[in-house]
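A short write-up of the structure that comes next.
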Amino acid sequence: MLNNKKRSISLLSCWLLFCVSFISLTANAAEYINHKLANNKVVIQSDSEVMTITALTGSAFEVLVHKRNNDTPFPSFAIDKNRTTPLVPIKFTDGEDSLTFSSKEMDVVVTKSPLKLAFYKNGQLLLQEDTGYFNHNTVQGFRFKLDENEKLMGTGERVLGMNRRGHRLPLYNKAHYGYGTESSQMNFSIPAVMSDNKYILLFDNSANGWVDLAKSEADILQFEANGGRSSYIVFSGDDYPSLINNYVDVTGKQPLPPRWAFGNHASRFGYKTQQQVLDTIAQYKKDDIPVDSIILDLYWFGKDIKGHMGNLAWDQETFPQPVSMIDQLTQQGVKTVLITEPFILTSSSRWQEAVDSDVLGKNAGGSAPMTFDFYFGNTGLLDVFNDKTQQWFGDIYQELAKQGVAGVWGDLGEPEVHPATMVHTLSEQNMTATADEIHNTFGHQWAKLVNTALTEYQPNKRPFIIMRSGFAGSQRYGMIPWTGDVSRSWDGLKPQVELSLQMSLLGMAYTHSDLGGFAGGETFDQEMYIRWLQYGVFQPIYRPHAQDSIAPEPVFHDKQTKDIVREYIKLRYRMLPYNYTLAYQNTKTGMPLMRPMFFNDESNAALIDVADQYMWGESFLVKPITEPNLTSIAVNLPQGNWFDFWTGKKYQGNQAINYPLSLATIPVLIKAGAIIPTAKDMGNTEQYDSSAIKLDYYFDPEVTSSNAQFYDDDGISQSSVGQRQFELLNFVAQHQNINKRTHLNFVVKKDEKGLGYDNMPTKRAFELVVHNWTAAGKGVYVNGKAMAFMQSHQEFLLAGQGVYFNKANNTLIVKFNLDEKQIHLQLIK
C-alpha cells in the first residue's frame with residue numbers, strides 16, 4: 001500500500017511538472033517593436049527575438065527566429081542552396097495593428113500584439129500560428145492552430161494510417177527491426193505535414209524533437225526540438241500535384257536515376273564469396289529471369305558479421321579477384337553495388353588511419369574520437385559533416401568506382417547508434433554541433449557526400465545511392481530510400497503502400513521495400529513471397545532482399561514460384577518506357593510514381609484514408625494482396641471506366657467490385673483512355689530497344705480526349721534533363737462521332753523540349769493496340785494515306801506496316817513508323 005501511495009505521489013509530481021513546463025512553453029508571446037524590408041524579406045524586431053520572413057518562391061514563405069540581428073542561425077538542411085529561382089516580387093502593407101507581406105500567390109499577415117503570423121491563399125486562410133514561437137531552456141519550437149476536421153499526412157516513415165492527426169510522434173531517425181502493422185518511429189522521419197487544406201508545413205530543424213498533431217491539445221499542432229534551427233516553411237498549392245511541385249522547388253528535385261535502376265536487383269544479407277556472386281547471376285541467366293545488378297552486403301569486406309565494419313576494402317580470402325568479378329558481371333550487363341556503413345570499428349584495418357586523418361566524431365570535450373559499443377563491435381562514427389571526412393570517405397568511394405562498382409548502398413545511417421554528446425564539425429558553417437542537434441540529417445549529409453564524390457569522379461554519370469535514412473530535401477542528392485528491416489510476414493507486407501505514399505508526398509518518391517520481407521521467417525511462405533514480388537512490379541525499385549535463412553532471390557525457389565515471378569519481372573522490364581517516363585515527370589515536377597487515391601478526386605477527403613490501393617502513375621490502379629488464401633477481393637474504383645489489365649474486361653467506375661483472384665494475378669486495372677508505352681522483352685536494361693515501342697490505348701466512347709508522354713535518353717548522363725539531351729514524344733487521342741461513325745484521331749508528335757541525344761534512333765517503329773475496338777471499321781489512315789489491312793495475324797507479324805483486327809479480343813493493331821516530327825493516324829469505325 002505504501003509503495004502504491006509513493007507511486008501515486010510520484011506520478012502526480014510528474015504531472016504537475018509537465019503542466020508547469022507546458023505553461024512556460026506557451027506563455028510570453030512576443031510583441032512587435034519595428035521592422036525593415038530587404039528585397040523579398042522583412043526583418044521584424046520584437047521584444048524577445050528577431051524574426052525574418054522570406055519569400056523563397058511565390059508559393060513558399062520561410063519564417064526564421066533568432067536572438068539578435070548579428071547571430072548566425074543554425075544552418076538549413078532542407079533548402080536547396082543551388083536552386084535557381086528569380087527574386088519574388090513582393091507587396092508590403094504596414095497597418096496600425098498588422099503587417100501584410102504578399103506575393104502573387106500568398107499573403108502573410110503579421111499581427112503586432114501579440115506577434116503572430118497567419119498565411120492566406122486567394123483570400124482564404126491556410127494556416128495560422130497559435131502562440132507561434134516558444135523557447136524554454138532546451139526545448140524550442142512553434143505552435144499552430146488546426147481546423148476542427150483538418151486531416152494531416154506526412155512526418156515520414158510511420159505505420160499509423162494515412163491521416164496522422166491525433167498522434168504525438170518522435171522526430172528522431174531510429175531503426176525499427178522487424179516491424180509490422182504498427183510503428184510510430186522508423187528510419188526516416190520528416191519534420192513536415194501536408195494538410196488537406198492544401199498546404200505543407202515544414203519544420204526546418206535537424207535536432208531530436210517531437211511533432212504533436214493535436215494529440216495533447218485539441219486543434220493544436222506543435223513542433224518541438226532540443227536545439228537546432230528555429231525555422232519553418234509554409235508551402236501552398238492549387239492542388240496536391242502543384243503543392244508537391246512547390247515543395248520540391250525549394251527542397252530540391254530528385255535527379256533522374258540511371259535507367260538500370262528500374263530493373264531487377266539481386267540482393268541478400270548476404271553474398272559471402274566471389275563464386276557465390278557469380279553463381280547467383282548464372283542462375284538468373286539459366287532461369288531466364290532478367291536482372292540488372294547484384295547488391296553485396298557486409299561480407300565483401302569481412303567473412304564475419306562482427307569485427308570488420310570499417311575495413312571498406314575487399315576481403316582477399318573470400319573475394320580474391322574483385323575487379324575480375326566486376327568485369328565478368330559487367331560483360332553480362334549486370335552492375336555491382338556495395339554496402340558501406342559510417343562506423344569504423346576499433347578492430348578494423350582502417351581504424352588508425354581514420355584516427356590519424358581526423359575524420360571521426362569527437363567526445364564532448366572535442367579532444368579525441370568518441371568510441372562506444374554497439375552490435376558490430378567497439379566503434380567510432382565518421383563525421384560526415386566535416387570536410388576532412390568528406391575528402392577521406394569520398395576518396396574511398398572514388399576508388400571503388402575506379403574498380404567498376406556502379407552503386408552505393410548506405411546502411412545504418414540514422415545513425416543506428418549516435419551518442420547524444422558526440423560533437424560534429426560542420427565545416428561548411430564553421431561551427432560545431434552535438435549529435436542531438438544534427439542527428440536527423442546524418443543520412444542526408446552522407447548522401448550528399450557520396451553524390452559529390454561520385455559526380456566528381458564521373459561528372460556525367462548518374463549515381464545510384466540507396467539509403468535508409470535522411471531528412472527533408474534528401475531527394476536532391478539522388479537518394480533512393482527503402483523502408484528498413486521489415487518483418488518477413490503478411491504483417492510486414494500490409495503497410496508498404498502507406499509508407500511509400502507518405503514519403504512520396506514529401507519528395508522521396510523512390511521509397512520502396514525489401515520485396516519478400518527482410519527479418520525473421522522460419523519457413524518459406526510461397527504465397528506471401530509471390531504476392532510481395534507481384535506488388536513490387538508497381539513500386540519504384542524492384543529489389544528482393546532478406547536475411548539468407550530463406551533465399552530472397554526467386555531463382556532459388558520452386559518451379560511454380562519461379563514461373564509466376566518470372567512473368568512479373570518480365571512485365572516490369574516491358575513497362576520500362578512507361579516507368580522511365582514517370583521518373584522524368586518526377587524529376588521535373590516532384591510528381592510521385594506511386595500516387596494516393598485522393599489524387600483522383602481531391603474533393604473527397606475520405607479517400608485520404610485509403611492505403612490498401614493506389615495509382616501507379618496516371619494509368620494503373622493497383623491493389624496488393626496482403627492476406628493469404630483469398631479467392632476474391634473488393635476493389636474500389638474511382639469515377640470513370642476501368643479495364644482489367646489481364647483480361648480486358650471493362651468495369652464502370654464509382655463502385656466497389658469483387659475482383660476474382662488466382663495465385664498468378666493481383667488486381668491491376670487500367671484507366672479508360674490510357675495510353676501506355678511498353679518495350680519488347682529484354683534480359684537487362686542494356687538490351688532495351690527504344691526504337692520499337694508498343695502503345696496500348698484503352699478506347700472508351702465516354703473519354704473523348706486523352707494524352708500521354710514517352711521520354712527517352714541515353715540512360716546514364718547527368719546532363720540529360722538539364723541540357724535537354726533527350727527525346728520526348730507526346731501522344732494525343734481524340735474521337736468524335738460523324739455520320740454515325742467513330743472517328744479516332746491519334747497523333748504522335750515530337751516535343752520541342754527535347755533536343756535529342758547521342759545514338760538516338762533515327763526512326764521509331766510503333767505498334768498501336770487499340771483495346772475495346774469492336775469492329776475492323778471502314779479504314780485506317782496515316783497522314784491521310786490509307787493503310788492496308790492484313791487478313792491473318794501471321795501476315796501482320798511479317799509486315800513492316802499495316803493493320804490487323806483481332807476479333808477474339810476486340811483489338812485493332814496498327815504498325816507505323818515515326819521518322820519525322822509528327823504522325824497523324826485516323827481510325828474510322
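Just so we're on the same page: first chain in the C-alpha cells is A, next is B, and so on; residues restart at 1 for each chain, and ligands are numbered from 1 in the order they show up.
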- List every residue of range 253-359 of chain A that DSSP, applied to the backbone, labels as alpha helix (DSSP H), and write the result as a list of chain:residue names. A:Gln274, A:Gln275, A:Gln276, A:Val277, A:Leu278, A:Asp279, A:Thr280, A:Ile281, A:Ala282, A:Gln283, A:Tyr284, A:Lys285, A:Lys286, A:Pro322, A:Val323, A:Ser324, A:Met325, A:Ile326, A:Asp327, A:Gln328, A:Leu329, A:Thr330, A:Gln331, A:Trp351, A:Gln352, A:Glu353, A:Ala354, A:Val355, A:Asp356
- Task: Identify all residues of range 626-672 of chain A in strand (DSSP E) (DSSP on the backbone) and supply them as an MDAnalysis selection string.
- Result: chainID A and resid 632:637 641:644 650:652 655:660 668:671
- Task: Skip Met760 in chain A itself and residues of its chain fewer than 3 positions away, then list as a PyMOL selection string all residues within 10 Å of it, counting only C-alpha atoms.
- Result: chain A and resi 690-691+712-714+725-727+756-757+763-764
At a cut-off of 12 Å, using only C-alpha atoms, what residues contact Asp373 in chain A? Leave out same-chain residues fewer than 6 positions from it and give the result as a PDB file with N, CA and C atoms, in the first residue's frame.
ATOM      1  N   LYS A 306      30.595  -9.600 -37.400  1.00  0.00           N
ATOM      2  CA  LYS A 306      31.179  -8.675 -36.431  1.00  0.00           C
ATOM      3  C   LYS A 306      32.689  -8.550 -36.625  1.00  0.00           C
ATOM      4  N   GLY A 307      33.216  -7.380 -36.239  1.00  0.00           N
ATOM      5  CA  GLY A 307      34.658  -7.195 -36.170  1.00  0.00           C
ATOM      6  C   GLY A 307      35.303  -6.548 -37.366  1.00  0.00           C
ATOM      7  N   PHE A 343      30.331   3.530 -39.693  1.00  0.00           N
ATOM      8  CA  PHE A 343      31.029   3.145 -38.469  1.00  0.00           C
ATOM      9  C   PHE A 343      32.403   2.554 -38.794  1.00  0.00           C
ATOM     10  N   ILE A 344      33.428   2.979 -38.075  1.00  0.00           N
ATOM     11  CA  ILE A 344      34.772   2.415 -38.200  1.00  0.00           C
ATOM     12  C   ILE A 344      35.096   1.730 -36.878  1.00  0.00           C
ATOM     13  N   LEU A 345      35.074   0.394 -36.883  1.00  0.00           N
ATOM     14  CA  LEU A 345      35.358  -0.339 -35.647  1.00  0.00           C
ATOM     15  C   LEU A 345      36.823  -0.158 -35.247  1.00  0.00           C
ATOM     16  N   THR A 346      37.047  -0.148 -33.946  1.00  0.00           N
ATOM     17  CA  THR A 346      38.423  -0.064 -33.473  1.00  0.00           C
ATOM     18  C   THR A 346      39.214  -1.313 -33.848  1.00  0.00           C
ATOM     19  N   SER A 347      38.509  -2.393 -34.207  1.00  0.00           N
ATOM     20  CA  SER A 347      39.182  -3.626 -34.634  1.00  0.00           C
ATOM     21  C   SER A 347      39.382  -3.679 -36.151  1.00  0.00           C
ATOM     22  N   THR A 379      33.393   0.957 -31.587  1.00  0.00           N
ATOM     23  CA  THR A 379      33.435   1.716 -32.834  1.00  0.00           C
ATOM     24  C   THR A 379      33.553   3.210 -32.616  1.00  0.00           C
ATOM     25  N   GLY A 380      33.939   3.889 -33.687  1.00  0.00           N
ATOM     26  CA  GLY A 380      33.780   5.329 -33.830  1.00  0.00           C
ATOM     27  C   GLY A 380      32.834   5.583 -34.995  1.00  0.00           C
ATOM     28  N   LEU A 381      32.411   6.833 -35.135  1.00  0.00           N
ATOM     29  CA  LEU A 381      31.455   7.209 -36.179  1.00  0.00           C
ATOM     30  C   LEU A 381      32.072   8.272 -37.076  1.00  0.00           C
ATOM     31  N   GLU A 416      22.443   4.402 -36.579  1.00  0.00           N
ATOM     32  CA  GLU A 416      21.734   3.448 -35.733  1.00  0.00           C
ATOM     33  C   GLU A 416      22.081   3.647 -34.264  1.00  0.00           C
ATOM     34  N   VAL A 417      23.337   3.965 -33.983  1.00  0.00           N
ATOM     35  CA  VAL A 417      23.746   4.352 -32.630  1.00  0.00           C
ATOM     36  C   VAL A 417      24.480   5.681 -32.742  1.00  0.00           C
ATOM     37  N   HIS A 418      24.041   6.672 -31.934  1.00  0.00           N
ATOM     38  CA  HIS A 418      24.567   8.033 -32.083  1.00  0.00           C
ATOM     39  C   HIS A 418      24.564   8.698 -30.708  1.00  0.00           C
ATOM     40  N   PRO A 419      25.636   8.556 -29.928  1.00  0.00           N
ATOM     41  CA  PRO A 419      25.664   9.136 -28.590  1.00  0.00           C
ATOM     42  C   PRO A 419      25.335  10.619 -28.598  1.00  0.00           C
TER      43      PRO A 419
END
- Message: From the options A:Asn264, A:Asn246, A:Ser46, A:Gln502, which residue's atoms come nearest to Tyr284 in chain A, counting only C-alpha atoms?
- Response: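 Nearest candidate to Tyr284 in chain A out of A:Asn264, A:Asn246, A:Ser46, A:Gln502: A:Asn264.
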- Message: If we count only C-alpha atoms and set the cut-off at 8 Å, which residues sit around Leu621 in chain A, ignoring sequence neighbours fewer than 5 positions away in its own chain? Please answer as a ChimeraX atom specification.
- Response: /A:613-616,667-671
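In this structure, CA of Phe262 in chain A sits 17.4 Å away from CA of Val721 in chain A.
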Within 9 Å of range 189-195 of chain A: each range 390-495 of chain A residue with its shortest pair, only C-alpha atoms, as CSV:
residue,atom,partner,partner_atom,distance
A:Asn440,CA,A:Ser189,CA,7.6
A:Ser469,CA,A:Ser189,CA,8.0
A:Gly470,CA,A:Ser189,CA,7.6
A:Phe471,CA,A:Ile190,CA,5.7
A:Ala472,CA,A:Ile190,CA,5.7
- Message: Could you list, as JSON, numbers by chain, every residue within 9 Å of range 108-112 of chain A, counting only C-alpha atoms and ignoring same-chain residues fewer than 5 positions away?
- Response: {"A": [30, 31, 32, 33, 53, 61, 96, 97, 98, 99, 100, 101, 102, 103, 117, 118, 119, 120]}
How would the residues just picked look written out with N, CA, C and O atoms as a short mmCIF file (atom, residue, chain, number, x, y, z; two decimals), in the first residue's frame?
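Wrote it out as part.cif, contents follow:
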data_model
loop_
_atom_site.label_atom_id
_atom_site.label_comp_id
_atom_site.auth_asym_id
_atom_site.auth_seq_id
_atom_site.Cartn_x
_atom_site.Cartn_y
_atom_site.Cartn_z
N ALA A 30 5.59 37.17 -28.00
CA ALA A 30 6.41 38.34 -28.29
C ALA A 30 5.56 39.53 -28.71
O ALA A 30 4.42 39.38 -29.15
N GLU A 31 6.15 40.73 -28.60
CA GLU A 31 5.49 41.97 -29.01
C GLU A 31 6.34 42.65 -30.08
O GLU A 31 7.57 42.75 -29.96
N TYR A 32 5.68 43.13 -31.11
CA TYR A 32 6.35 43.84 -32.21
C TYR A 32 6.96 45.15 -31.75
O TYR A 32 6.36 45.89 -30.96
N ILE A 33 8.20 45.45 -32.23
CA ILE A 33 8.83 46.74 -31.96
C ILE A 33 8.99 47.53 -33.27
O ILE A 33 8.50 48.64 -33.40
N ILE A 53 11.13 36.95 -42.26
CA ILE A 53 10.19 36.27 -43.15
C ILE A 53 10.69 36.45 -44.57
O ILE A 53 10.89 37.58 -45.03
N PHE A 61 6.94 30.52 -48.10
CA PHE A 61 7.48 31.53 -47.21
C PHE A 61 8.19 30.87 -46.04
O PHE A 61 7.64 29.98 -45.40
N GLU A 96 -1.84 49.69 -38.78
CA GLU A 96 -1.69 50.06 -37.37
C GLU A 96 -1.51 48.83 -36.50
O GLU A 96 -0.69 48.82 -35.57
N ASP A 97 -2.25 47.77 -36.80
CA ASP A 97 -2.22 46.57 -35.96
C ASP A 97 -1.50 45.38 -36.60
O ASP A 97 -1.27 44.38 -35.93
N SER A 98 -1.19 45.50 -37.88
CA SER A 98 -0.61 44.34 -38.57
C SER A 98 0.23 44.78 -39.76
O SER A 98 0.11 45.91 -40.26
N LEU A 99 1.08 43.85 -40.20
CA LEU A 99 1.86 43.98 -41.44
C LEU A 99 1.37 42.91 -42.40
O LEU A 99 1.04 41.79 -41.99
N THR A 100 1.32 43.24 -43.68
CA THR A 100 0.96 42.25 -44.69
C THR A 100 2.07 42.17 -45.72
O THR A 100 2.48 43.18 -46.31
N PHE A 101 2.56 40.97 -45.93
CA PHE A 101 3.71 40.67 -46.79
C PHE A 101 3.19 39.71 -47.85
O PHE A 101 2.83 38.58 -47.53
N SER A 102 3.14 40.12 -49.13
CA SER A 102 2.38 39.36 -50.13
C SER A 102 3.19 39.09 -51.39
O SER A 102 3.89 39.97 -51.91
N SER A 103 3.06 37.87 -51.89
CA SER A 103 3.46 37.54 -53.26
C SER A 103 2.18 37.47 -54.09
O SER A 103 1.08 37.71 -53.58
N LEU A 117 1.59 35.08 -36.76
CA LEU A 117 1.53 35.05 -38.22
C LEU A 117 0.35 34.22 -38.69
O LEU A 117 -0.03 33.22 -38.05
N ALA A 118 -0.22 34.63 -39.82
CA ALA A 118 -1.26 33.85 -40.50
C ALA A 118 -0.96 33.88 -41.99
O ALA A 118 -0.47 34.89 -42.52
N PHE A 119 -1.28 32.77 -42.67
CA PHE A 119 -0.95 32.60 -44.07
C PHE A 119 -2.23 32.40 -44.88
O PHE A 119 -3.08 31.57 -44.51
N TYR A 120 -2.34 33.12 -45.98
CA TYR A 120 -3.54 33.10 -46.81
C TYR A 120 -3.18 32.80 -48.25
O TYR A 120 -2.10 33.16 -48.72
#
- Task: Please provide as a list in words all residues within 12 Å of Ser48 in chain A, with the sequence filter that same-chain residues fewer than 4 positions apart are discarded (counting only C-alpha atoms).
- Result: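 Result of the neighbour search: Asn28, Ala29, Ala30, Glu31, Tyr32, Ile33, Ile44, Val65, His66, Lys67, Arg68, Asn69, Pro114, Leu115, Tyr133, Phe134 and Asn135 of chain A.
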- Item | CA of Pro761 in chain A to CA of Ser717 in chain A, straight-line distance in Å |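 Value for the CA of Ser717 in chain A-CA of Pro761 in chain A distance: 16.9 Å.
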- Query: Pick from A:Val814, A:Leu695, A:Ile220, A:Val537: nearest to Asn579 in chain A, with only C-alpha atoms counted?
  - Reply: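 Using only C-alpha atoms, Asn579 in chain A sits closest to A:Val537.
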- Item | Residue with smallest distance to Lys121 in chain A - pool A:Gln560, A:Ser236, A:Asn205, A:Thr84, counting only C-alpha atoms |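 Closest to Lys121 in chain A, using only C-alpha atoms: A:Ser236.
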- Task: Name the closest residue to Leu127 in chain A among the candidates A:Ile633, A:Ile233, A:Ile90, A:Ala808; distances are taken between atoms, counting only C-alpha atoms.
- Result: A:Ile233
